[in-house]
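Before any comments, here is the structure.
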Amino acid sequence: MSAPAKTPARKRAPAGMTLIELAIAITILSVASLAAFRSFEQAGQQAQGVLARGLAHQVALNHAAELRALGLTDGRALPDQRRMGPYDWAIRLDEAPTAGNLVEVAITVSATDLPGARLVIYLAAAP
């Protein structure tokens with residue numbers, strides 16, 4: 001009797017990823033996704049601050065233009081509250097005389113829980 005013919009051994013196909021490899025990959029992707037989400041959230045908060053700061057600066061510039069147009073004496077009667085955008089802004093003026101017969105006027109604009117602005121201008125002293 002003759003020995004049976006040996007069939008060539010089949011090569012096994014790669015089994016793919018194991019369960020532990022899959023769990024590690026999902027964990028890494030989850031951590032990366034969480035980091036990206038927090039980064040986008042922080043960028044959104046900063047953008048909100050930039051908008052509020054820009055509006056506050058514009059309110060200060062507008063108030064400075066009105067003070068220059070009216071003069072310091074009449075400008076003191078301007079309202080100390082303004083609404084621009086969705087915010088109500090409080091305006092405070094701080095005056096200090098200078099040696100050159102000018103008055104340094106610091107215009108401070110603020111709103112609750114928002115960044116504000118400060119602008120310094122010089123006006124002729126009232127006669």
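For the structure tokens, the naming scheme is as follows: chains receive sequential letters (A, B, ...) according to their order of presentation, residues are indexed from 1 within each chain, and ligands are indexed from 1 in presentation order.
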ask   = Using only C-alpha atoms, which residues sit within 12 Å of A:Val109 once same-chain residues fewer than 6 positions away are excluded, as a ChimeraX atom specification?
value = /A:52-64,80-84,87-94,115-120
For those residues, write C-alpha atoms to a file as a PDB file, in the first residue's frame.
ATOM      1  CA  ALA A  52     -18.088  92.077  23.325  1.00  0.00           C
ATOM      2  CA  ARG A  53     -14.717  93.844  23.544  1.00  0.00           C
ATOM      3  CA  GLY A  54     -15.143  95.233  20.024  1.00  0.00           C
ATOM      4  CA  LEU A  55     -18.615  96.551  20.813  1.00  0.00           C
ATOM      5  CA  ALA A  56     -17.359  98.147  24.040  1.00  0.00           C
ATOM      6  CA  HIS A  57     -14.543  99.830  22.120  1.00  0.00           C
ATOM      7  CA  GLN A  58     -17.022 101.154  19.559  1.00  0.00           C
ATOM      8  CA  VAL A  59     -19.218 102.593  22.329  1.00  0.00           C
ATOM      9  CA  ALA A  60     -16.133 104.350  23.762  1.00  0.00           C
ATOM     10  CA  LEU A  61     -15.193 105.735  20.328  1.00  0.00           C
ATOM     11  CA  ASN A  62     -18.733 107.026  19.778  1.00  0.00           C
ATOM     12  CA  HIS A  63     -18.773 108.706  23.178  1.00  0.00           C
ATOM     13  CA  ALA A  64     -15.375 110.304  22.468  1.00  0.00           C
ATOM     14  CA  ASP A  80     -24.095 107.231  30.993  1.00  0.00           C
ATOM     15  CA  GLN A  81     -25.882 104.159  29.581  1.00  0.00           C
ATOM     16  CA  ARG A  82     -25.868 103.014  25.963  1.00  0.00           C
ATOM     17  CA  ARG A  83     -27.204  99.954  24.180  1.00  0.00           C
ATOM     18  CA  MET A  84     -25.129  98.467  21.385  1.00  0.00           C
ATOM     19  CA  TYR A  87     -25.674  94.510  25.568  1.00  0.00           C
ATOM     20  CA  ASP A  88     -26.351  97.487  27.813  1.00  0.00           C
ATOM     21  CA  TRP A  89     -23.116  99.392  28.395  1.00  0.00           C
ATOM     22  CA  ALA A  90     -22.284 101.633  31.354  1.00  0.00           C
ATOM     23  CA  ILE A  91     -20.061 104.614  30.546  1.00  0.00           C
ATOM     24  CA  ARG A  92     -17.870 106.308  33.149  1.00  0.00           C
ATOM     25  CA  LEU A  93     -15.773 109.427  32.623  1.00  0.00           C
ATOM     26  CA  ASP A  94     -12.675 110.202  34.714  1.00  0.00           C
ATOM     27  CA  PRO A 115     -14.916  92.483  28.856  1.00  0.00           C
ATOM     28  CA  GLY A 116     -15.001  96.251  28.492  1.00  0.00           C
ATOM     29  CA  ALA A 117     -12.908  99.005  26.965  1.00  0.00           C
ATOM     30  CA  ARG A 118     -11.029 102.095  28.085  1.00  0.00           C
ATOM     31  CA  LEU A 119     -10.191 105.039  25.865  1.00  0.00           C
ATOM     32  CA  VAL A 120      -8.251 108.191  26.799  1.00  0.00           C
TER      33      VAL A 120
END
key: Secondary structure check, strand (DSSP E or B) residues of chain A, as a count of residues only   = 36
request  = Could you pull out the residues in chain A that DSSP calls helix (DSSP H, G or I) from the backbone, as number ranges by chain?
outcome  = A: 19-70, 72-75
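Counting from atom CA of A:Tyr122, the distance to atom CA of A:Glu66 is 13.0 Å.
Residue neighbourhood of A:Pro97, excluding near-sequence residues (fewer than 3 positions): Gly100, Asn101, Leu102, Val103, Glu104, Val105, Tyr122, Leu123, Ala124 and Ala125 of chain A, at 10 Å, using only C-alpha atoms.
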Take the residues that were just selected and, keeping C-alpha atoms, output them as an mmCIF file, in the first residue's frame.
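Listed below is the output, part_35.cif:
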data_model
loop_
_atom_site.group_PDB
_atom_site.id
_atom_site.type_symbol
_atom_site.label_atom_id
_atom_site.label_comp_id
_atom_site.auth_asym_id
_atom_site.auth_seq_id
_atom_site.Cartn_x
_atom_site.Cartn_y
_atom_site.Cartn_z
ATOM 1 C CA GLY A 100 -1.117 122.261 28.839
ATOM 2 C CA ASN A 101 -4.613 123.578 29.681
ATOM 3 C CA LEU A 102 -6.167 120.347 28.474
ATOM 4 C CA VAL A 103 -8.270 117.822 30.305
ATOM 5 C CA GLU A 104 -7.447 114.131 30.108
ATOM 6 C CA VAL A 105 -10.734 112.243 29.851
ATOM 7 C CA TYR A 122 -7.675 115.055 25.566
ATOM 8 C CA LEU A 123 -10.078 117.985 25.326
ATOM 9 C CA ALA A 124 -9.726 121.713 25.794
ATOM 10 C CA ALA A 125 -10.431 122.815 29.332
#
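Distances from A:Pro127, A:Gly49, A:Pro86, A:Pro79 to A:Asp113 were compared using only C-alpha atoms, and the smallest one belongs to A:Gly49.
The space between atom CA of A:Thr73 and atom CA of A:Thr98 spans 16.5 Å.
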